[in-house]
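Visitor: Dropping in protein17.cif, which is mmCIF, C-alpha atoms:
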```cif
data_run
loop_
_atom_site.label_atom_id
_atom_site.label_comp_id
_atom_site.auth_asym_id
_atom_site.auth_seq_id
_atom_site.Cartn_x
_atom_site.Cartn_y
_atom_site.Cartn_z
CA MET A 213 93.07 94.54 90.25
CA PRO A 214 96.69 93.68 91.00
CA VAL A 215 98.27 91.83 88.07
CA SER A 216 100.54 88.82 88.18
CA GLU A 217 103.95 90.51 88.76
CA ILE A 218 102.44 92.84 91.36
CA ASP A 219 100.51 89.98 92.98
CA ARG A 220 103.64 87.88 93.24
CA LEU A 221 105.56 90.78 94.81
CA ILE A 222 102.78 91.35 97.35
CA GLN A 223 102.64 87.65 98.24
CA LEU A 224 106.39 87.52 98.88
CA LEU A 225 106.44 90.78 100.86
CA ALA A 226 103.56 89.49 103.01
CA ARG A 227 105.82 86.66 104.20
CA LEU A 228 108.21 89.10 105.88
CA PRO A 229 107.78 89.33 109.66
CA GLY A 230 105.84 92.48 110.59
CA LEU A 231 104.04 92.78 107.24
CA GLY A 232 100.50 91.48 106.76
CA PRO A 233 98.53 91.40 103.48
CA ARG A 234 97.46 95.04 103.78
CA SER A 235 100.90 96.43 104.63
CA ALA A 236 102.47 94.22 101.94
CA ARG A 237 100.19 95.91 99.39
CA ARG A 238 101.24 99.32 100.70
CA ALA A 239 104.92 98.31 100.58
CA ALA A 240 104.59 97.01 97.02
CA LEU A 241 102.98 100.28 95.83
CA HIS A 242 105.62 102.26 97.73
CA LEU A 243 108.34 100.28 95.91
CA ILE A 244 106.73 100.57 92.47
CA LYS A 245 106.43 104.33 92.85
CA ARG A 246 110.13 104.59 93.74
CA ARG A 247 111.60 102.46 91.00
CA THR A 248 115.10 103.91 90.75
CA GLY A 249 115.31 105.13 94.34
CA LEU A 250 114.23 102.00 96.16
CA LEU A 251 112.87 99.12 94.05
CA GLU A 252 115.97 98.55 91.91
CA PRO A 253 118.48 99.08 94.77
CA LEU A 254 116.52 96.63 96.95
CA ALA A 255 116.46 94.02 94.15
CA GLN A 256 120.23 94.41 93.81
CA ALA A 257 120.85 94.31 97.57
CA LEU A 258 118.83 91.09 97.85
CA ALA A 259 120.69 89.49 94.95
CA ALA A 260 124.03 90.55 96.49
CA ALA A 261 122.99 89.16 99.87
CA ALA A 262 121.90 85.87 98.31
CA GLN A 263 125.27 85.56 96.64
CA SER A 264 127.68 86.70 99.33
CA ILE A 265 126.26 85.95 102.77
CA ARG A 266 127.25 82.68 104.42
CA GLN A 267 127.31 81.15 107.88
CA CYS A 268 130.51 81.22 109.93
CA GLY A 269 131.80 77.67 110.38
CA VAL A 270 133.23 78.53 113.80
CA CYS A 271 130.47 80.38 115.65
CA GLY A 272 127.34 80.22 113.44
CA ASN A 273 127.21 83.98 112.84
CA ILE A 274 126.33 85.23 109.33
CA ASP A 275 128.79 87.29 107.34
CA THR A 276 130.22 87.66 103.86
CA ARG A 277 133.29 85.74 105.00
CA ASP A 278 133.95 82.46 106.82
CA PRO A 279 135.30 82.65 109.53
CA CYS A 280 133.19 85.75 110.23
CA ALA A 281 134.70 89.16 111.03
CA ILE A 282 134.28 88.61 114.79
CA CYS A 283 135.99 85.19 114.77
CA ALA A 284 138.73 86.57 112.50
CA GLU A 285 139.42 89.68 114.60
CA GLU A 286 142.57 88.85 116.57
CA THR A 287 142.20 91.67 119.10
CA ARG A 288 139.02 90.14 120.55
CA ASP A 289 139.29 88.21 123.79
CA GLY A 290 139.37 84.52 122.92
CA THR A 291 138.97 83.36 126.51
CA THR A 292 135.28 84.30 126.76
CA ILE A 293 132.46 82.91 124.61
CA CYS A 294 129.00 84.44 124.79
CA VAL A 295 126.30 81.95 123.75
CA VAL A 296 123.23 83.48 122.04
CA GLU A 297 120.11 81.99 120.49
CA ASP A 298 120.15 83.96 117.28
CA VAL A 299 122.20 86.33 115.13
CA ALA A 300 119.82 89.14 116.11
CA ASP A 301 120.90 88.67 119.75
CA LEU A 302 124.55 88.85 118.70
CA TRP A 303 123.81 92.12 116.89
CA ALA A 304 122.02 93.47 119.98
CA LEU A 305 125.03 92.68 122.18
CA GLU A 306 127.45 94.17 119.64
CA ARG A 307 125.42 97.41 119.60
CA THR A 308 126.02 97.79 123.34
CA ALA A 309 129.80 97.56 122.74
CA ALA A 310 129.97 96.08 126.25
CA PHE A 311 131.42 92.71 125.25
CA GLY A 312 134.82 92.17 123.68
CA GLY A 313 134.91 88.37 123.54
CA ARG A 314 133.69 85.88 120.98
CA TYR A 315 130.23 84.48 120.30
CA HIS A 316 128.50 81.22 119.63
CA VAL A 317 125.14 81.29 117.84
CA LEU A 318 122.88 78.33 118.69
CA GLY A 319 120.36 79.02 115.96
CA GLY A 320 117.38 78.38 118.25
CA THR A 321 116.45 76.88 121.61
CA LEU A 322 115.61 73.41 122.78
CA SER A 323 111.86 73.01 122.54
CA ALA A 324 109.80 70.03 123.56
CA LEU A 325 106.71 71.54 121.90
CA ASP A 326 108.39 72.08 118.53
CA GLY A 327 110.38 68.84 118.82
CA ARG A 328 113.78 70.58 118.70
CA GLY A 329 116.39 68.49 120.51
CA PRO A 330 120.12 69.09 121.15
CA ASP A 331 121.04 67.79 117.68
CA GLU A 332 118.86 70.38 115.95
CA ILE A 333 120.79 73.35 117.32
CA ASN A 334 124.48 74.26 117.22
CA ILE A 335 125.48 72.68 120.58
CA ASP A 336 128.11 70.05 119.69
CA ALA A 337 130.34 72.68 118.07
CA LEU A 338 130.07 74.78 121.25
CA VAL A 339 131.15 71.86 123.44
CA ARG A 340 134.10 71.23 121.12
CA ARG A 341 135.08 74.93 121.21
CA ALA A 342 134.79 75.01 125.00
CA ARG A 343 137.15 72.05 125.30
CA ALA A 344 139.59 72.76 122.51
CA GLU A 345 140.21 76.45 122.94
CA THR A 346 141.77 78.35 125.82
CA VAL A 347 138.33 79.30 127.07
CA THR A 348 137.98 80.39 130.69
CA GLU A 349 134.37 81.65 130.73
CA ILE A 350 131.19 80.83 128.86
CA ILE A 351 128.35 83.35 129.24
CA LEU A 352 124.92 81.90 128.53
CA ALA A 353 122.96 84.80 127.04
CA THR A 354 119.84 82.86 126.07
CA SER A 355 116.46 84.57 126.52
CA ALA A 356 114.74 84.65 129.91
CA THR A 357 111.91 82.54 128.47
CA VAL A 358 111.05 78.99 129.49
CA GLU A 359 112.75 77.61 126.38
CA GLY A 360 115.78 79.87 126.71
CA GLN A 361 116.25 78.86 130.34
CA THR A 362 115.74 75.16 129.55
CA THR A 363 118.47 75.48 126.94
CA ALA A 364 120.75 77.25 129.44
CA HIS A 365 120.24 74.46 132.00
CA TYR A 366 120.99 71.81 129.41
CA LEU A 367 124.13 73.68 128.33
CA THR A 368 125.28 74.02 131.95
CA ASP A 369 125.18 70.20 132.24
CA ARG A 370 126.93 69.66 128.92
CA LEU A 371 129.67 72.20 129.75
CA ALA A 372 130.20 71.04 133.35
CA ASP A 373 133.46 69.21 132.62
CA CYS A 374 134.99 71.66 130.13
CA GLY A 375 136.99 73.55 132.74
CA ALA A 376 135.53 76.99 132.04
CA VAL A 377 133.29 79.03 134.32
CA VAL A 378 129.69 79.02 133.05
CA SER A 379 127.79 82.22 133.84
CA ARG A 380 124.48 83.80 132.80
CA LEU A 381 123.18 87.34 132.32
CA ALA A 382 121.82 89.07 135.46
CA HIS A 383 118.07 89.27 135.97
CA GLY A 384 116.77 92.54 137.39
CA VAL A 385 114.96 95.81 136.85
CA PRO A 386 115.42 97.04 133.24
CA VAL A 387 117.25 100.38 133.11
CA GLY A 388 114.54 103.05 132.87
CA GLY A 389 111.86 100.62 134.04
CA GLU A 390 109.27 101.51 136.66
CA LEU A 391 108.83 99.06 139.54
CA ASP A 392 105.07 99.39 139.43
CA TYR A 393 104.89 97.92 135.93
CA LEU A 394 107.31 95.01 136.52
CA ASP A 395 106.14 91.44 136.84
CA ASP A 396 106.57 89.68 140.19
CA GLY A 397 109.23 87.27 138.92
CA THR A 398 111.56 90.04 137.76
CA LEU A 399 110.99 92.03 140.92
CA SER A 400 111.80 89.12 143.25
CA ALA A 401 114.86 88.24 141.11
CA ALA A 402 116.05 91.83 141.36
CA LEU A 403 115.49 91.83 145.13
CA LYS A 404 117.34 88.53 145.60
CA ALA A 405 120.28 89.74 143.50
CA ARG A 406 120.52 93.15 145.22
CA ARG A 407 123.96 94.66 145.49
CA PRO A 408 125.63 97.04 147.95
CA LEU A 409 125.85 100.61 146.66
CA GLU A 410 129.32 101.57 145.62
CA SER A 411 130.40 104.77 147.28
CA MET B 145 127.90 93.40 113.91
CA PRO B 146 126.04 93.59 110.61
CA VAL B 147 128.44 93.80 107.66
CA SER B 148 128.14 95.95 104.57
CA GLU B 149 125.80 93.79 102.41
CA ILE B 150 123.55 93.08 105.41
CA ASP B 151 123.64 96.72 106.52
CA ARG B 152 122.66 97.89 103.08
CA LEU B 153 119.76 95.41 102.97
CA ILE B 154 118.55 96.54 106.39
CA GLN B 155 118.73 100.22 105.41
CA LEU B 156 116.66 99.64 102.28
CA LEU B 157 114.09 97.45 104.07
CA ALA B 158 113.74 100.14 106.77
CA ARG B 159 112.47 102.54 104.09
CA LEU B 160 109.38 100.40 103.44
CA PRO B 161 106.21 101.71 105.07
CA GLY B 162 105.42 99.75 108.22
CA LEU B 163 109.01 98.65 108.88
CA GLY B 164 111.24 100.51 111.34
CA PRO B 165 114.93 99.85 112.02
CA ARG B 166 114.21 96.97 114.39
CA SER B 167 111.69 95.20 112.18
CA ALA B 168 113.95 95.78 109.16
CA ARG B 169 116.70 93.88 110.99
CA ARG B 170 114.26 91.06 111.75
CA ALA B 171 113.08 91.01 108.13
CA ALA B 172 116.68 90.91 106.82
CA LEU B 173 117.55 87.95 109.08
CA HIS B 174 114.31 86.24 108.10
CA LEU B 175 115.27 86.64 104.43
CA ILE B 176 118.86 85.50 104.89
CA LYS B 177 117.72 82.36 106.67
CA ARG B 178 115.34 81.54 103.81
CA ARG B 179 117.67 82.05 100.87
CA THR B 180 116.07 79.79 98.28
CA GLY B 181 112.54 79.98 99.65
CA LEU B 182 112.16 83.74 100.00
CA LEU B 183 115.30 85.86 99.45
CA GLU B 184 116.02 84.80 95.87
CA PRO B 185 112.35 84.75 94.75
CA LEU B 186 111.87 88.25 96.22
CA ALA B 187 114.98 89.55 94.44
CA GLN B 188 113.62 88.13 91.17
CA ALA B 189 110.11 89.47 91.77
CA LEU B 190 111.49 92.95 92.41
CA ALA B 191 113.65 92.84 89.30
CA ALA B 192 110.67 91.63 87.25
CA ALA B 193 108.49 94.40 88.68
CA ALA B 194 111.12 97.03 87.91
CA GLN B 195 111.26 95.83 84.34
CA SER B 196 107.63 95.20 83.49
CA ILE B 197 105.40 97.51 85.51
CA ARG B 198 104.39 100.80 83.93
CA GLN B 199 101.71 103.43 84.37
CA CYS B 200 98.57 103.31 82.23
CA GLY B 201 98.53 106.31 79.91
CA VAL B 202 94.73 106.47 80.01
CA CYS B 203 93.78 106.19 83.70
CA GLY B 204 97.06 106.31 85.70
CA ASN B 205 96.71 102.76 87.05
CA ILE B 206 99.83 100.58 87.22
CA ASP B 207 100.04 97.38 85.22
CA THR B 208 102.39 95.38 83.04
CA ARG B 209 100.59 96.75 79.98
CA ASP B 210 99.56 100.17 78.72
CA PRO B 211 96.59 100.68 78.47
CA CYS B 212 96.06 98.71 81.69
CA ALA B 213 93.89 95.57 81.90
CA ILE B 214 90.91 97.57 83.20
CA CYS B 215 91.09 100.17 80.42
CA ALA B 216 91.59 97.41 77.84
CA GLU B 217 88.71 95.25 79.06
CA GLU B 218 85.90 95.88 76.61
CA THR B 219 83.13 94.43 78.76
CA ARG B 220 83.55 97.14 81.41
CA ASP B 221 81.09 100.00 81.41
CA GLY B 222 82.75 102.95 79.70
CA THR B 223 80.06 105.43 80.69
CA THR B 224 81.13 105.64 84.35
CA ILE B 225 84.51 106.79 85.63
CA CYS B 226 85.41 106.38 89.30
CA VAL B 227 88.05 108.89 90.40
CA VAL B 228 90.41 107.66 93.14
CA GLU B 229 93.44 109.20 94.84
CA ASP B 230 95.74 106.24 94.58
CA VAL B 231 96.18 102.80 93.01
CA ALA B 232 95.62 101.28 96.47
CA ASP B 233 92.09 102.78 96.45
CA LEU B 234 91.47 101.29 93.00
CA TRP B 235 92.53 97.88 94.33
CA ALA B 236 90.25 98.30 97.35
CA LEU B 237 87.26 99.06 95.09
CA GLU B 238 88.11 96.16 92.76
CA ARG B 239 88.18 93.80 95.76
CA THR B 240 84.55 94.71 96.51
CA ALA B 241 83.58 93.70 92.94
CA ALA B 242 80.81 96.31 93.29
CA PHE B 243 81.93 98.57 90.45
CA GLY B 244 82.05 97.58 86.80
CA GLY B 245 83.08 100.88 85.22
CA ARG B 246 86.45 102.46 84.58
CA TYR B 247 88.81 104.34 86.86
CA HIS B 248 90.92 107.44 86.95
CA VAL B 249 93.86 107.55 89.38
CA LEU B 250 94.79 111.08 90.49
CA GLY B 251 98.05 110.10 92.12
CA GLY B 252 97.43 112.28 95.18
CA THR B 253 95.24 115.10 96.46
CA LEU B 254 95.42 118.86 96.24
CA SER B 255 97.31 120.06 99.28
CA ALA B 256 98.01 123.64 100.27
CA LEU B 257 100.35 122.46 103.03
CA ASP B 258 102.47 120.29 100.72
CA GLY B 259 102.20 122.78 97.87
CA ARG B 260 100.45 120.31 95.53
CA GLY B 261 98.33 122.19 92.98
CA PRO B 262 96.09 120.94 90.15
CA ASP B 263 99.09 120.56 87.80
CA GLU B 264 100.83 118.16 90.16
CA ILE B 265 98.10 115.53 90.01
CA ASN B 266 96.44 113.75 87.09
CA ILE B 267 93.48 116.18 86.65
CA ASP B 268 93.83 117.52 83.09
CA ALA B 269 93.67 114.02 81.64
CA LEU B 270 90.47 113.38 83.64
CA VAL B 271 88.84 116.54 82.25
CA ARG B 272 89.82 115.48 78.73
CA ARG B 273 88.40 111.98 79.29
CA ALA B 274 85.19 113.40 80.74
CA ARG B 275 84.69 115.56 77.63
CA ALA B 276 85.93 113.26 74.92
CA GLU B 277 84.38 109.96 75.90
CA THR B 278 80.75 108.95 76.13
CA VAL B 279 80.83 109.44 79.86
CA THR B 280 77.55 109.91 81.71
CA GLU B 281 78.69 109.72 85.35
CA ILE B 282 81.84 110.55 87.26
CA ILE B 283 82.03 109.17 90.80
CA LEU B 284 84.44 111.08 93.03
CA ALA B 285 85.83 108.42 95.40
CA THR B 286 88.44 110.59 97.10
CA SER B 287 89.00 110.11 100.84
CA ALA B 288 86.72 111.72 103.40
CA THR B 289 89.69 113.79 104.64
CA VAL B 290 90.05 117.56 104.37
CA GLU B 291 92.41 117.20 101.41
CA GLY B 292 90.31 114.52 99.72
CA GLN B 293 87.19 116.67 100.02
CA THR B 294 89.03 119.80 98.84
CA THR B 295 90.10 117.83 95.77
CA ALA B 296 86.53 116.62 95.23
CA HIS B 297 85.19 120.19 95.38
CA TYR B 298 87.81 121.39 92.93
CA LEU B 299 86.98 118.53 90.57
CA THR B 300 83.26 119.29 90.80
CA ASP B 301 84.02 122.81 89.53
CA ARG B 302 86.33 121.62 86.79
CA LEU B 303 83.85 118.97 85.61
CA ALA B 304 80.77 121.24 85.80
CA ASP B 305 80.51 121.75 82.03
CA CYS B 306 81.47 118.26 80.85
CA GLY B 307 77.87 117.05 80.62
CA ALA B 308 78.24 114.07 82.98
CA VAL B 309 76.65 113.67 86.38
CA VAL B 310 79.24 114.13 89.14
CA SER B 311 78.53 112.05 92.27
CA ARG B 312 80.41 111.10 95.43
CA LEU B 313 80.47 108.08 97.75
CA ALA B 314 77.86 108.06 100.53
CA HIS B 315 78.90 109.05 104.05
CA GLY B 316 77.38 106.99 106.85
CA VAL B 317 77.75 104.34 109.51
CA PRO B 318 80.44 101.79 108.49
CA VAL B 319 78.98 98.29 108.13
CA GLY B 320 79.64 96.52 111.43
CA GLY B 321 80.30 99.85 113.21
CA GLU B 322 78.82 100.70 116.60
CA LEU B 323 77.08 104.06 116.91
CA ASP B 324 78.62 104.70 120.30
CA TYR B 325 82.13 104.76 118.84
CA LEU B 326 81.35 106.95 115.81
CA ASP B 327 82.45 110.57 115.57
CA ASP B 328 79.76 113.26 115.52
CA GLY B 329 80.41 114.22 111.89
CA THR B 330 79.78 110.72 110.56
CA LEU B 331 76.72 110.28 112.76
CA SER B 332 75.08 113.53 111.64
CA ALA B 333 75.94 112.71 108.00
CA ALA B 334 74.33 109.29 108.39
CA LEU B 335 71.24 110.85 110.01
CA LYS B 336 70.90 113.48 107.28
CA ALA B 337 71.22 110.85 104.54
CA ARG B 338 68.76 108.40 106.16
CA ARG B 339 66.77 106.24 103.80
CA PRO B 340 63.34 104.61 103.99
CA LEU B 341 63.49 100.89 104.78
CA GLU B 342 62.78 98.67 101.81
CA SER B 343 60.12 96.15 102.65
#
```
Take the structure I supplied and represent it as structure tokens, if you would.

Guide:
Amino acid sequence: MPVSEIDRLIQLLARLPGLGPRSARRAALHLIKRRTGLLEPLAQALAAAAQSIRQCGVCGNIDTRDPCAICAEETRDGTTICVVEDVADLWALERTAAFGGRYHVLGGTLSALDGRGPDEINIDALVRRARAETVTEIILATSATVEGQTTAHYLTDRLADCGAVVSRLAHGVPVGGELDYLDDGTLSAALKARRPLES
Amino acid sequence: MPVSEIDRLIQLLARLPGLGPRSARRAALHLIKRRTGLLEPLAQALAAAAQSIRQCGVCGNIDTRDPCAICAEETRDGTTICVVEDVADLWALERTAAFGGRYHVLGGTLSALDGRGPDEINIDALVRRARAETVTEIILATSATVEGQTTAHYLTDRLADCGAVVSRLAHGVPVGGELDYLDDGTLSAALKARRPLES
């Protein structure tokens, strides 16, 4: 019979993505059994995050400072902006260490189903940045989903007169992927975008 | 590029059962985006749990009081003690509402592999309870695993002279289970323990 404090903890944990009611119960017990090693540090980390984390006014990234560390870093290439849907996508690109420019976080995609229009996501600030700054290329790194591609098309129109090249990520065979398991769309995209072997 | 406070939060979340590094990142972002709705309440719930939750000195259950609500509830049948491995098992049995007696939480099983002997789990207190109280039946509700059954056998020996009947949960076909998918052990146990139909 879980009691009130435990119940409340389980209810809140169950609202995290990836945790259902059963795994939230397991997580709560796991935490309670590790009071000094995990429960108290996590409570402190959450309180610290609530207090210190804010959104970057330039690019929409989250950080403990505004402008965020990426916008503030002067060695990064200010001529290229990579547009992503979400902070998680920014993190994924940063983990590759393959991009040295700046970012713009939309905070979602256009969605007719969910009623999200251009005003609901961080598009106006992107158009202003594209015009005001010395930007030469804008890479649209939205997802290869219907909504991500709709958003990319809309952005291409909006950015048409900003003077910068608008590009998108390549479609193709994922590295390590087997052809046999790929969907037809990816396979035909990879075939269409084939490249001569470099010797 | 997650920064220190975010990194720390992700690291701690990744130590919860059921969350890996990727889902911990998703959970951290989910929390940060819902500061007042989820992040702050969860920080408070964890702090409250750290402060108020303790182990019951009688049965080993966790609660905000000692003795716990189950041990303190006078209407519960004090003649029957159900022995479980973990608090999660106690919660599972309470959810069924099929047991009105008291519990004893071992806090684990005997395990030769992990080097857990009888002194590492809450056995001595159980033997004392079985002797001291007006106990007529002790139900061993340990798991049907090798370690759970080893623990049950050991407990049967230890409780042999306490005067109470020692019983165990029935093995058999799970309700809703299909015979075709059952392992041989369960099926033969169910066959051996067959019962006449009540008309």

Visitor: What would the selection look like, as a ChimeraX atom specification, if the PyMOL selection byres ((chain B) within 8 of (chain A)) were run on the coordinates I just shared?

Guide: /B:145-147,149-150,152-153,156-157,160-163,167,169-171,173-176,179,182-194,196-197,207-208,214,231-232,234-235,238-239

Visitor: I'd like the interatomic distance between atom CA of Thr368 of chain A and atom CA of Val317 of chain A, to a tenth of an Å.

Guide: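 Separating atom CA of Thr368 of chain A from atom CA of Val317 of chain A is a distance of 15.9 Å.
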
Visitor: Which residues, written as an MDAnalysis selection string, have at least one atom at most 8 Å from Cys294 of chain A, with only C-alpha atoms counted and residues fewer than 4 positions away on the same chain left out?

Guide: chainID A and resid 313:316 350:353

Visitor: Determine, counting only C-alpha atoms, which protein, DNA and RNA residues have an atom within 7 Å of an atom of Ile265 of chain B; residues of the same chain fewer than 4 positions away are not included. Present the result as a PyMOL selection string.

Guide: chain B and resi 250-252

Visitor: Evaluated on this file, the PyMOL selection byres ((chain B and resi 311) around 12) picks out some residues - which ones are they, written as a VMD selection string?

Guide: chain B and resid 224 to 227 280 to 286 296 to 297 299 to 300 303 to 304 308 to 310 312 to 314

Visitor: How many Å lie between atom CA of Glu229 of chain B and atom CA of Gln293 of chain B, rounded to one decimal?

Guide: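 Distance between the two atoms: 11.0 Å.
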
Visitor: Please report the interatomic distance between atom CA of Thr308 of chain A and atom CA of Asp278 of chain A in Å with one decimal.

Guide: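 Answer for the atom CA of Thr308 of chain A to atom CA of Asp278 of chain A separation: 23.9 Å.
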
Visitor: Can you take the partial segment 399-408 of chain A, add all heavy atoms, and return it as an mmCIF file, keeping the file's coordinate frame?

Guide:
```cif
data_model
loop_
_atom_site.group_PDB
_atom_site.id
_atom_site.type_symbol
_atom_site.label_atom_id
_atom_site.label_comp_id
_atom_site.auth_asym_id
_atom_site.auth_seq_id
_atom_site.Cartn_x
_atom_site.Cartn_y
_atom_site.Cartn_z
ATOM 1 N N LEU A 399 110.789 91.239 139.714
ATOM 2 C CA LEU A 399 110.990 92.030 140.920
ATOM 3 C C LEU A 399 111.633 91.180 142.022
ATOM 4 O O LEU A 399 112.582 91.628 142.697
ATOM 5 C CB LEU A 399 109.630 92.580 141.389
ATOM 6 C CG LEU A 399 109.658 93.863 142.199
ATOM 7 C CD1 LEU A 399 110.541 94.915 141.532
ATOM 8 C CD2 LEU A 399 108.250 94.405 142.375
ATOM 9 N N SER A 400 111.167 89.929 142.199
ATOM 10 C CA SER A 400 111.800 89.120 143.250
ATOM 11 C C SER A 400 113.224 88.731 142.849
ATOM 12 O O SER A 400 114.119 88.684 143.708
ATOM 13 C CB SER A 400 110.980 87.868 143.595
ATOM 14 O OG SER A 400 110.140 87.486 142.573
ATOM 15 N N ALA A 401 113.479 88.523 141.543
ATOM 16 C CA ALA A 401 114.860 88.240 141.110
ATOM 17 C C ALA A 401 115.768 89.424 141.391
ATOM 18 O O ALA A 401 116.907 89.257 141.839
ATOM 19 C CB ALA A 401 114.872 87.897 139.617
ATOM 20 N N ALA A 402 115.242 90.631 141.137
ATOM 21 C CA ALA A 402 116.050 91.830 141.360
ATOM 22 C C ALA A 402 116.328 92.027 142.846
ATOM 23 O O ALA A 402 117.406 92.486 143.246
ATOM 24 C CB ALA A 402 115.323 93.056 140.794
ATOM 25 N N LEU A 403 115.332 91.675 143.683
ATOM 26 C CA LEU A 403 115.490 91.830 145.130
ATOM 27 C C LEU A 403 116.520 90.822 145.650
ATOM 28 O O LEU A 403 117.416 91.169 146.438
ATOM 29 C CB LEU A 403 114.130 91.584 145.794
ATOM 30 C CG LEU A 403 113.997 91.987 147.265
ATOM 31 C CD1 LEU A 403 114.225 93.481 147.427
ATOM 32 C CD2 LEU A 403 112.607 91.613 147.775
ATOM 33 N N LYS A 404 116.413 89.586 145.166
ATOM 34 C CA LYS A 404 117.340 88.530 145.600
ATOM 35 C C LYS A 404 118.777 88.860 145.197
ATOM 36 O O LYS A 404 119.712 88.562 145.928
ATOM 37 C CB LYS A 404 116.914 87.203 144.958
ATOM 38 C CG LYS A 404 116.683 86.104 145.978
ATOM 39 C CD LYS A 404 116.372 84.795 145.280
ATOM 40 C CE LYS A 404 114.876 84.599 145.091
ATOM 41 N NZ LYS A 404 114.547 83.373 144.351
ATOM 42 N N ALA A 405 118.929 89.472 144.010
ATOM 43 C CA ALA A 405 120.280 89.740 143.500
ATOM 44 C C ALA A 405 120.739 91.156 143.824
ATOM 45 O O ALA A 405 121.588 91.713 143.149
ATOM 46 C CB ALA A 405 120.297 89.508 141.982
ATOM 47 N N ARG A 406 120.171 91.758 144.888
ATOM 48 C CA ARG A 406 120.520 93.150 145.220
ATOM 49 C C ARG A 406 121.999 93.277 145.548
ATOM 50 O O ARG A 406 122.621 92.324 146.004
ATOM 51 C CB ARG A 406 119.635 93.639 146.377
ATOM 52 C CG ARG A 406 119.913 92.958 147.702
ATOM 53 C CD ARG A 406 118.862 93.358 148.731
ATOM 54 N NE ARG A 406 119.067 92.653 150.016
ATOM 55 C CZ ARG A 406 118.655 91.410 150.243
ATOM 56 N NH1 ARG A 406 118.019 90.722 149.297
ATOM 57 N NH2 ARG A 406 118.875 90.850 151.425
ATOM 58 N N ARG A 407 122.524 94.461 145.299
ATOM 59 C CA ARG A 407 123.960 94.660 145.490
ATOM 60 C C ARG A 407 124.216 95.881 146.339
ATOM 61 O O ARG A 407 123.457 96.846 146.303
ATOM 62 C CB ARG A 407 124.624 94.865 144.125
ATOM 63 C CG ARG A 407 124.485 93.641 143.250
ATOM 64 C CD ARG A 407 124.967 93.915 141.855
ATOM 65 N NE ARG A 407 126.359 94.370 141.889
ATOM 66 C CZ ARG A 407 127.099 94.522 140.794
ATOM 67 N NH1 ARG A 407 126.594 94.301 139.621
ATOM 68 N NH2 ARG A 407 128.348 94.922 140.884
ATOM 69 N N PRO A 408 125.302 95.862 147.144
ATOM 70 C CA PRO A 408 125.630 97.040 147.950
ATOM 71 C C PRO A 408 125.974 98.223 147.046
ATOM 72 O O PRO A 408 126.585 98.032 145.987
ATOM 73 C CB PRO A 408 126.838 96.600 148.768
ATOM 74 C CG PRO A 408 127.418 95.434 148.046
ATOM 75 C CD PRO A 408 126.291 94.778 147.333
#
```
